[in-house]
Every structure is written in C-alpha cells, then in structure tokens.
Amino acid sequence: MLRSYLQKRLIEIRKHHEGGATGEQVIAALTDLTDEVIERIYRDVLQEVPSIERWKFEDGLAVVALGGYGRGERSPYSDIDIMFLHRPSLGSEIQRTAGAILQHLWDAGFQVGHSTRTIHDCVAIGKKDLTVRTSLMEARFLVGSRVLFDQFRLRYQRKVIYHRPDLFVKAKIRSREAECEQYGTTIHLLEPHIKKSRGGLRDLHLLRWLAQIRYQTSSLDQLKQQGILSKQDHRALTGAQEFLWRVRNDLHFFAGRCQDSLAFEEQMRLAANRGYRDNPHLLGVEQFMQKYYDHTTAIAEITGRYLDLMTSKPVWRRLQDRLGRRRIDRSFLLSGGDLSILPEARAEVLGRGDRVLTLFSIAQKNGARLSVETQRLLTDVMERWTPDQFSGAESHAVFLSILSATGVAGALRGLHRFRILEQILPAFKRVRGLMQFNLYHKFTVDEHCLRAVEEAETIVRQDGLPARIFREVRRREILFLALLLHDLGKGLGGDHSREGAAIALETAQRLKLDSSATEQLEFLVGGHLGMTNVAFRRDLSDDAILVQFAKRVAAPETLKMLYLLTMADITAVGPGTLTAWKEDLLSELFTKTLEILTGDALVLAEEEKVKRIREQLQSRLRNLYAPEWLEGQLSSMTSRYLIATPPEQIVRDIGRVHNLEPRSVQVHAANDLERNLTEYGVYTFDDITPGIFYKITSVLASKGLQILSATITTWSNNVVVDTFQVQDPDFSGPPTPDRLQDIRDTIALVLQGRRDLEHPARADLRIRPVSPVFPRTAPVQVELDNSTSEKYTIVEVFAPDRTGLLSVIAQSLFVLGLSIQTAKVATHLDQIVDIFHVVDQAGQKIVDPDRIRHLKQTLTQEIGRFLETSRVQ
C-alpha cells in the first residue's frame with residue numbers, strides 16, 4: 001500500500017519535472033514526500049507500542065535526517081540517511097522500534113543508511129570521524145522528541161562543530177582534493193560526475209559546510225545578506241546549483257536509479273530534450289556541454305576563492321608575511337607568496353591591458369599567487385574586458401615574455417580563468433568548454449591545449465632526448481604559442497589543422513611577430529599532425545619518405561619544435577596515450593630527419609646501401625655458417641628487409657632460419673618491458689599455407705591482442721620472416737611465459753592446418769561485450785597513395801576500432817592478389833587507421849584505375865560486413 005502510494009507520487013513529481021519544474025522545486029517535493037512517509041511510519045509503529053510505554057519514546061526518541069537528505073536535497077533515487085537519536089534510558093527497546101521503522105522503509109523501496117545514537121555517541125564519533133562529523137552538521141529534525149533534538153543540536157554545536165574549526169576546515173579541503181583525484185581534478189572532463197568531479201555539487205557542499213563553521217550559516221542567501229557572498233557570486237552559484245539539480249533529477253528519473261555520471265549518451269539525450277540543435281559547426285550536445293562547463297567553472301572558481309578566505313594562517317606565518325612585504329613595479333605588493341594590487345593603483349592596473357598582464361608576469365616570475373582580494377577584483381571586471389584593451393605593443397610584449405619564462409602553464413591558466421587569454425587570442429573564447437565529442441580525447445579543447453603546454457614544460461624536467469631538444473629550442477614562446485593554438489580550428493566545420501593555420505597567421509599578425517616566427521607558427525599549427533602521420537603510418541626505413549618529410553619541415557629549429565609539440569599534444573590527450581612504442585617511432589623520425597636537415601645523413605643509393613649491409617653481415621657471420629648457405633640467405637633477402645631491419649635482428653633471424661626444417665613453423669616471443677609490448681617472430685616457408693599473414697593476425701585477434709605494427713617479409717628462397725609488435729590487454733604487466741607459449745603454439749598449429757581459425761567477429765566480443773555508444777563514428781574510408789613511396793602502393797583504411805579488423809583486411813588483400821610488405825596500426829581519434837604497403841604478384845604498384853576502384857570497393861564492403869556482424873553478435 002505504502003509502496004504503491006510512493007510510486008504514484010513519484011510519477012506525479014516526474015511529470016512535474018518534465019513539465020518544466022525547477023530542480024529546487026523537484027528536490028523539495030521529494031524531500032517533503034520522504035518526510036511525510038517517515039512520519040507516517042513512525043506514528044504507525046508507535047501505535048503498536050503499549051500506551052503505558054509510549055511516553056518513553058515520545059520523550060526519548062527523535063528521528064533525524066542526515067547528509068543530503070538532511071540538507072533537504074533529496075534526488076529521485078538517492079539514498080536517504082537517518083539517525084535514531086535516543087536517550088540512554090530506552091536501552092534495547094530502541095533497536096526493536098528502529099528495526100520496525102527501517103523494515104517499513106525497505107519494504108517501501110527506500111535505500112536507507114541508518115544509525116542509532118545517543119547525544120554522547122554523536123559527540124564522541126563526531127570528534128573522531130570527519131565524514132560523520134559533517135553528516136551530523138546537517139542534521140534536520142523529522143519526527144519524535146523536538147526537545148531531545150534541540151539538546152543534541154546545542155551540545156553538538158558547542159562540543160564539535162565550533163571546536164577547533166581550523167583543523168576541520170583543512171581536513172575537509174584535503175578530503176575534497178582526494179575525492180577529486182578519483183573523480184576528476186579538472187572541470188573539463190568529457191564525461192564528468194556531476195556531484196563529485198571538480199566544479200560539481202560537492203564543491204557547493206564544501207563551501208556551505210565551511211561557511212557553517214566560519215559564519216554560523218550554510219545558506220547561500222544568508223551569506224549574501226551578510227555581505228560575505230557578493231551579489232554576482234550568489235547569482236552565479238545559485239544558477240549553477242539549479243542547473244546541476246535539474247540535470248541530476250533528469251538522470252535519476254530516466255535511469256530509474258541513482259545515476260550521477262554524465263555519460264555521452266546522457267549528454268545527447270539531455271541536449272535534445274532541452275532544445276539544443278545541431279548547427280553546421282557545433283553539435284547541440286556540444287552547446288549543452290559548454291553550458292555545463294560554464295556553470296561548473298563558476299562553482300570551482302568562486303568556491304576556491306572563498307575557501308582561501310576561510311583558511312586562516314598561523315600567527316607566525318602572518319607575522320612573517322608582514323615582515324617580508326615588498327612593493328614591485330610601483331603598483332603591486334608581494335606578501336607571503338600572495339600578490340595584490342595596491343589600492344591606489346587599482347583603477348590604473350585594471351583599466352590597462354598591459355598592466356593586467358604585468359600582474360600575471362610578476363606572479364609568474366616570483367612563484368606567487370594572486371591574493372583573494374585581487375581575484376575578486378579581476379572577477380568583477382572580467383566580463384567587461386575587450387580585445388582593444390590588450391591590443392597594444394606593450395601588452396603583446398608582456399604576453400610574449402610570459403610565454404618565454406618559466407611557469408608558462410600556470411600563468412596561462414590564470415589568464416584563461418579571468419577571460420584575459422581570449423582577449424589576446426580571440427579564437428580561445430569560442431573553444432572555452434568546447435567538448436571534443438569522440439572517444440579519444442578526455443578533455444575539452446581549451447583544457448587540452450593548456451595541458452599540452454603543461455606537458456611541454458614537464459619534458460624539460462625529465463631525462464632523455466625530448467628534454468635535451470627542449471633545452472636547445474631558442475624561441476620557446478613560439479612553441480608554447482603553437483601549443484595554445486594547435487586545436488583551436490576545431491568546431492569550425494573544416495579540417496581543423498587548416499583552420500588552425502589561418503588562426504595562427506591571424507595571431508602572428510595581431511602580435512606583430514616577425515616573418516620568420518610567423519611562418520614557423522603557421523607551419524607548426526597547420527602541420528601539427530604531420531609527424532604522427534609519418535611516424536605511425538609510414539615506413540621509416542624508406543629514404544624517399546624521410547626526404548619528403550624533411551623538405552616539408554625545412555629547418556632544424558622547426559623540426560625540434562614540431563617534435564616537442566607532437567609529444568606534448570599526444571601526452572595531453574590523457575594518461576597512457578603516449579606509449580613507449582609511439583615515443584620510439586617519433587624519436588626515430590626526428591633523429592633521421594634531423595640528420596638530413598643538418599647534412600649528417602649519408603643518403604646512399606639503395607643498391608650501394610644493400611651491398612654494404614650484405615658485406616658487413618658476411619664478414620660478421622662467415623665463421624658461423626657454411627659459406628654457400630650464408631651467401632644464399634643473404635642474396636635471398638629483400639632490399640627493404642636489409643635496410644629496415646637492425647643488424648642484430650638480422651643476425652637473430654639468420655640463426656633461426658638456419659634451424660628451420662621444411663614444412664615447419666617457428667614462433668618466437670619476447671616481452672619488451674621498456675616499450676610495454678610483446679614481439680612475436682614467425683619463421684616458416686611460404687608454401688606451408690595460403691594467406692599466412694591474415695591467419696597469423698586472426699590468431700592474435702582471437703587471443704585479444706592489440707596489434708601495433710607488423711613487418712611481413714618473404715625472401716626469394718621462400719623463407720617467411722614476419723614480425724608483430726602487440727600489446728596484451730589481459731595483463732597489466734608483461735604476459736606470463738604460459739601465455740606466450742599458448743599463442744606461439746596456436747600460431748604454429750593454425751599455419752600447419754592442425755587447428756581451425758576463430759572468426760574475427762567472435763574475437764571482438766571477447767574484448768568488448770558491449771560497444772560504447774558513440775554518435776560520431778565516421779563511415780569506413782579506404783584511400784590509396786601512390787605518390788609517397790617509390791616502390792609500394794600505400795593502402796590506408798579508416799574504420800571503427802574492432803579487434804579482428806586487421807585480419808579481415810589482410811584476408812581481403814590476399815584474395816585480391818596483393819602482397820603486404822608492412823602493416824601499421826595507428827589510433828586516429830575514435831577510429832583506427834590500418835596502413836599497408838602493398839605490391840601486386842609481379843612486385844609492382846597498383847596503378848590501373850579500374851583495379852584501384854575494385855580494390856577500394858571490395859575492402860569497404862568486406863569491412864562493413866565484418867563490422868555489422870560484430871555489432872549484431
């Protein structure tokens with residue numbers, strides 16, 4: 001009966017929500033409904049107590065709401081937390097009564113957190129446990145003895161809430177920071193937790209908890225009335241709170257359960273429900289999320305300022321600050337690490353762009369932070385900034401000096417926070433809170449660009465080639481400016497690199513950069529994907545490809561900047577994105593290109609290069625093998641194999657081939673701990689079975705391995721030497737010997753025809769039983785490139801990422817009569833890009849237009865069929 005009543009009322013409240021009720025109205029209605037039910041249950045349970053005993057409960061028991069329910073913020077399917085506050089005299093009787101009330105609540109469908117405590121218990125545990133202390137601060141009387149509750153409230157405030165408040169404030173701030181480490185330290189996560197991520201409802205809760213300690217009220221309205229919270233901040237916080245309340249209510253109602261994660265599919269649904277429509281350059285969901293980030297940014301910034309105010313410094317620290325005060329640049333005061341504007345200089349500083357930038361430059365150079373009062377002043381005026389205020393030569397000079405000093409990222413974050421960066425770089429305003437609606441990036445465009453600057457600064461503190469190259473860069477301001485601008489072309493509808501190049505040119509002209517810096521900046525932004533495209537998708541042993549790339553880059557200094565930009569860009573996408581394998585490829589491309597640009601590389605004719613390699617190997621190995629056999633192997637090796645394969649690897653390959661029996665298969669496996677991958681080498685003869693490559697890739701896919709790259713070689717004596725670099729998602733560290741042996745055995749058995757292949761679509765299900773919902777998956781695209789390589793046709797396949805896809809493509813190419821020389825797999829946003837260097841059966845490139853058309857059509861159809869099969873299964 002009670003359950004059906006609750007369901008009926010919940011439906012009514014949901015209709016009220018869908019009809020446009022505010023978030024505050026809905027949570028108030030839900031709170032009132034819960035209060036009503038608990039009061040009814042309490043009275044019904046008490047009616048079952050003999051009348052002669054009932055007075056003990058009426059005087060000695062109070063049912064109290066705690067936590068979010070105590071604040072009066074009951075979301076549709078959030079838990080409720082209640083406490084049975086009782087006098088010690090009730091003894092064991094309280095357990096029977098509390099148990100009866102809880103049973104009714106459970107039967108009605110509530111998820112209930114509960115406790116049974118005396119006033120003494122509350123004081124004792126409140127002093128020890130930070131979470132309980134906070135929860136009891138929000139205690140709200142529901143039903144029972146009001147006298148008992150008031151006694152608890154008075155004693156708890158005196159003994160706990162206002163006892164050693166500084167320790168509580170610091171502890172709660174530390175606890176919130178730890179929570180953000182788990183749920184997101186940045187506001188700009190693409191799938192945020194609306195309660196616990198940075199800028200979420202929990203930041204508002206923290207502000208109210210600490211306000212209760214410092215100002216004896218947790219009400220935002222009362223804080224405004226007391227002059228503690230400005231009208232502007234009050235308006236921003238209440239508006240953001242209402243937005244998040246309404247979103248949270250919607251998430252709960254739609255899921256039919258507690259749901260606080262704002263996943264992609266929920267974002268799309270909410271955007272559509274709120275009337276956001278796609279336009280040519282910006283999806284409706286992206287517009288909705290920009291609104292979300294506006295609100296969460298306001299929460300994070302305002303609460304951060306007030307938390308600083310509520311965190312008191314020790315007396316000795318305040319004395320030290322006072323003694324260490326000093327004036328800087330006639331307008332600023334540095335005191336204890338805080339930088340402020342002198343009162344008499346505020347009008348002048350805030351009215352001139354170059355003086356505002358000087359404020360941030362001084363803070364940067366001194367490792368200082370802006371004082372709370374200075375932050376408030378900047379907040380008050382930031383909506384009135386105009387680009388004209390920051391367009392003078394003085395402003396540009398200070399901005400460029402910020403980019404060339406230490407601590408660039410911190411200064412830029414401050415400029416972005418107070419809407420200054422977008423006055424200097426107007427394109428930055430458009431990408432504020434602009435989400436990148438794909439499964440590759442983890443952050444919004446503005447956050448990603450700022451993180452890229454941070455990652456570049458991190459490089460110099462590390463060891464290795466990138467750090468050394470960073471120290472050699474002469475004009476770091478151009479590198480950091482390129483990092484800031486590199487993705488600002490997103491959301492404009494066209495190729496974001498091309499759009500970004502136009503923005504870079506406009507920026508260079510705005511900042512009055514010289515022609516050399518302008519050309520460099522335009523190239524870096526417009527070509528910021530160029531290095532990844534070559535390193536991850538081209539054969540780095542091909543001199544022609546390296547020379548082409550070197551010609552595009554043109555100058556060693558530009559190459560160094562592009563290398564660092566690429567490393568920082570990939571790292572800033574998210575944790576673990578720049579793998580050791582990717583870093584090795586980028587460093588190899590950088591080193592080889594630098595040698596060409598500086599004239600250190602000796603680019604020999606292929607015949608001469610192959611001749612030298614064979615002679616060196618002959619000299620090294622002539623005492624280990626029969627001369628005729630060794631000469632036969634060396635002369636059988638393809639030119640590409642000799643040039644592309646490190647000498648030590650060739651030596652190992654020769655040793656393994658020496659032991660290879662006819663109709664046999666050898667499979668070797670080795671874990672590369674430094675690069676976090678496993679390399680499988682397969683040795684056999686090409687007459688053992690048709691389609692060797694696609695069968696090997698099918699085995700690897702069936703085992704759930706992610707193939708990073710593959711090199712396929714068949715010598716003229718029919719020896720097959722295939723190498724695969726893979727990662728094994730089943731293991732967080734290196735795969736075990738048993739795992740390696742299992743895969744080795746399976747490859748050998750399949751090639752020998754002693755075990756059947758598993759269908760690749762079934763392999764995909766092993767890894768991903770549920771495909772992520774994602775609306776912007778581009779169609780399958782197959783491209784052929786005959787201009788980059790002199791010897792091979794390069795086949796590029798863009799498709800959604802699926803385990804087993806590589807083997808499907810390999811099988812299709814085999815059926816089409818093509819021989820694969822190398823294969824690489826690169827991640828491109830939410831898709832993979834499989835790259836194949838192929839020739840026909842005569843060893844020639846594919847140039848016939850009809851054959852090219854047939855190849856593209858066949859591949860597209862086969863891939864589409866595989867993707868559909870894997871989706872259905």
# chains A, B, ... in the order shown; residues from 1 in each chain; ligands from 1
>>> residues_around(residues="A:Arg202", least_positions_apart="2", cutoff="12 Å", atoms="only C-alpha atoms", output="NGL selection string")
:A and (67-68 or 172-173 or 175-177 or 179-180 or 183 or 193-200 or 204-209 or 241 or 244-245 or 260 or 296 or 299-300 or 303)
>>> write_last_selection(atoms="N, CA and C atoms", output="CSV table (one decimal), in the first residue's frame")
chain,number,residue,atom,x,y,z
A,67,GLY,N,23.0,14.1,6.2
A,67,GLY,CA,23.6,14.2,4.9
A,67,GLY,C,22.8,15.1,3.9
A,68,GLY,N,22.7,14.6,2.6
A,68,GLY,CA,22.0,15.3,1.6
A,68,GLY,C,20.5,15.4,1.9
A,172,LYS,N,38.7,18.9,5.7
A,172,LYS,CA,37.6,18.8,4.7
A,172,LYS,C,38.2,19.2,3.3
A,173,ILE,N,39.0,20.2,3.3
A,173,ILE,CA,39.6,20.6,2.0
A,173,ILE,C,40.5,19.4,1.5
A,175,SER,N,40.2,16.3,2.1
A,175,SER,CA,39.3,15.2,1.7
A,175,SER,C,38.7,15.4,0.4
A,176,ARG,N,38.3,16.7,0.1
A,176,ARG,CA,37.7,17.0,-1.2
A,176,ARG,C,38.8,16.9,-2.3
A,177,GLU,N,40.0,17.2,-2.0
A,177,GLU,CA,41.1,17.1,-3.0
A,177,GLU,C,41.3,15.6,-3.3
A,179,GLU,N,39.0,13.3,-3.1
A,179,GLU,CA,37.8,12.9,-3.9
A,179,GLU,C,38.0,13.3,-5.4
A,180,CYS,N,38.5,14.5,-5.6
A,180,CYS,CA,38.7,15.0,-7.0
A,180,CYS,C,39.8,14.1,-7.7
A,183,TYR,N,37.6,11.4,-9.0
A,183,TYR,CA,36.6,11.7,-9.9
A,183,TYR,C,36.9,12.8,-10.9
A,193,HIS,N,31.4,13.5,-13.5
A,193,HIS,CA,30.4,13.1,-12.4
A,193,HIS,C,29.9,14.4,-11.8
A,194,ILE,N,28.6,14.6,-12.0
A,194,ILE,CA,28.0,15.9,-11.7
A,194,ILE,C,28.0,16.2,-10.2
A,195,LYS,N,28.2,15.2,-9.4
A,195,LYS,CA,28.3,15.5,-7.9
A,195,LYS,C,29.7,15.6,-7.4
A,196,LYS,N,30.6,14.7,-7.9
A,196,LYS,CA,31.9,14.6,-7.3
A,196,LYS,C,33.1,15.1,-8.1
A,197,SER,N,32.9,15.3,-9.4
A,197,SER,CA,34.0,15.9,-10.2
A,197,SER,C,34.2,17.3,-9.8
A,198,ARG,N,35.4,17.9,-10.2
A,198,ARG,CA,35.7,19.3,-9.9
A,198,ARG,C,34.6,20.2,-10.5
A,199,GLY,N,34.1,21.1,-9.6
A,199,GLY,CA,33.1,22.0,-10.1
A,199,GLY,C,31.7,21.5,-9.9
A,200,GLY,N,31.6,20.2,-9.4
A,200,GLY,CA,30.3,19.6,-9.2
A,200,GLY,C,29.6,20.1,-7.9
A,204,LEU,N,30.0,22.9,-3.9
A,204,LEU,CA,29.0,23.7,-3.2
A,204,LEU,C,28.8,23.2,-1.8
A,205,HIS,N,28.7,21.9,-1.6
A,205,HIS,CA,28.5,21.4,-0.3
A,205,HIS,C,29.7,21.8,0.6
A,206,LEU,N,30.9,21.7,0.0
A,206,LEU,CA,32.1,22.1,0.8
A,206,LEU,C,32.0,23.5,1.2
A,207,LEU,N,31.6,24.4,0.3
A,207,LEU,CA,31.5,25.8,0.6
A,207,LEU,C,30.5,26.0,1.8
A,208,ARG,N,29.4,25.3,1.7
A,208,ARG,CA,28.4,25.5,2.8
A,208,ARG,C,28.8,24.9,4.1
A,209,TRP,N,29.5,23.8,4.1
A,209,TRP,CA,30.0,23.2,5.3
A,209,TRP,C,31.0,24.2,6.0
A,241,GLN,N,23.8,25.9,-9.3
A,241,GLN,CA,23.2,24.8,-8.5
A,241,GLN,C,21.9,24.4,-9.1
A,244,LEU,N,22.6,22.1,-12.1
A,244,LEU,CA,23.0,20.8,-11.8
A,244,LEU,C,21.9,20.0,-11.1
A,245,TRP,N,21.1,20.6,-10.3
A,245,TRP,CA,20.0,19.9,-9.6
A,245,TRP,C,19.0,19.3,-10.7
A,260,ASP,N,24.7,9.5,-11.5
A,260,ASP,CA,25.3,10.8,-11.4
A,260,ASP,C,26.4,11.1,-12.4
A,296,THR,N,30.0,24.8,-14.0
A,296,THR,CA,30.9,24.1,-13.1
A,296,THR,C,32.2,25.0,-13.0
A,299,ILE,N,31.4,27.5,-10.3
A,299,ILE,CA,31.4,26.9,-9.0
A,299,ILE,C,32.8,26.7,-8.5
A,300,ALA,N,33.7,26.1,-9.3
A,300,ALA,CA,35.0,25.9,-8.9
A,300,ALA,C,35.8,27.1,-8.6
A,303,THR,N,34.0,29.0,-5.3
A,303,THR,CA,34.3,28.3,-4.1
A,303,THR,C,35.8,28.3,-3.7
>>> residues_around(residues="A:Ile341", least_positions_apart="3", cutoff="10 Å", atoms="only C-alpha atoms", output="MDAnalysis selection string")
chainID A and resid 327:328 330:334 344:347 349:350 356 359 370:371 373:374 377
>>> write_last_selection(atoms="C-alpha atoms", output="CSV table (one decimal), in the first residue's frame")
chain,number,residue,atom,x,y,z
A,327,ARG,CA,56.4,46.7,-3.4
A,328,ILE,CA,57.1,45.7,-7.0
A,330,ARG,CA,55.1,50.7,-8.1
A,331,SER,CA,51.6,49.1,-8.3
A,332,PHE,CA,51.9,45.7,-6.7
A,333,LEU,CA,52.5,44.3,-3.2
A,334,LEU,CA,54.1,40.8,-2.6
A,344,GLU,CA,45.8,53.5,-5.1
A,345,ALA,CA,46.8,51.7,-8.3
A,346,ARG,CA,43.7,49.5,-8.9
A,347,ALA,CA,42.0,51.8,-11.3
A,349,VAL,CA,46.0,48.5,-13.4
A,350,LEU,CA,42.5,47.1,-14.1
A,356,VAL,CA,46.9,43.4,-16.0
A,359,LEU,CA,50.4,41.5,-12.7
A,370,LEU,CA,47.1,36.3,-6.7
A,371,SER,CA,45.6,37.3,-3.4
A,373,GLU,CA,41.1,40.3,-3.0
A,374,THR,CA,42.9,40.5,-6.3
A,377,LEU,CA,38.7,42.4,-8.4
>>> closest_atom_pairs(of="stretch 168-242 of chain A", to="stretch 2-24 of chain A", cutoff="12 Å", atoms="only C-alpha atoms", output="CSV")
residue,atom,partner,partner_atom,distance
A:Thr238,CA,A:Glu24,CA,10.1
A:Gly239,CA,A:Gly23,CA,10.6
A:Ala240,CA,A:Gly23,CA,10.9
A:Gln241,CA,A:Gly23,CA,8.7
A:Glu242,CA,A:Gly23,CA,5.6
>>> residues_around(residues="A:Gln287", least_positions_apart="2", cutoff="10 Å", atoms="only C-alpha atoms", output="ChimeraX atom specification")
/A:271,276-279,282-285,289-292,433-435
>>> residues_around(residues="A:Arg214", least_positions_apart="3", cutoff="7 Å", atoms="only C-alpha atoms", output="ChimeraX atom specification")
/A:210-211,310
>>> write_last_selection(atoms="C-alpha atoms", output="PDB file, in the first residue's frame")
ATOM      1  CA  LEU A 210      32.882  25.575   5.881  1.00  0.00           C
ATOM      2  CA  ALA A 211      30.582  28.600   5.899  1.00  0.00           C
ATOM      3  CA  MET A 310      38.106  30.691   5.220  1.00  0.00           C
TER       4      MET A 310
END
>>> closest_residue(among="A:Gly60, A:Gly681, A:Gly407, A:Gly99", to="A:Gln649", atoms="only C-alpha atoms")
A:Gly681
>>> residues_around(residues="A:Gly126", least_positions_apart="3", cutoff="9 Å", atoms="only C-alpha atoms", output="VMD selection string")
chain A and resid 121 to 123 129 to 136 156 160 to 161
>>> atom_distance(atom1="atom CA of A:Ile747", atom2="atom CA of A:Ala799")
26.0 Å
>>> atom_distance(atom1="atom CA of A:Ile459", atom2="atom CA of A:Val833")
27.9 Å
>>> residues_around(residues="A:Glu301", least_positions_apart="5", cutoff="12 Å", atoms="only C-alpha atoms", output="list in words")
Thr186, Ile187, Arg198, Gly199, Gly200, Asp203, Leu204, Leu207, Asp233, Ala236, Leu237, Tyr293, Asp294, His295, Thr296, Tyr306, Leu307, Asp308, Val372, Gln375, Arg376, Leu378, Thr379, Arg413, Gly414, His416, Arg417 and Phe418 of chain A
>>> select_by_dssp(residues="stretch 134-299 of chain A", states="strand (DSSP E)", output="PyMOL selection string")
chain A and resi 140-144
>>> closest_residue(among="A:Thr458, A:Thr118, A:Gln212, A:Asn533", to="A:His86", atoms="only C-alpha atoms")
A:Thr118
>>> closest_residue(among="A:Phe399, A:Ala555, A:Leu154, A:Ser698", to="A:Ser516", atoms="only C-alpha atoms")
A:Ala555
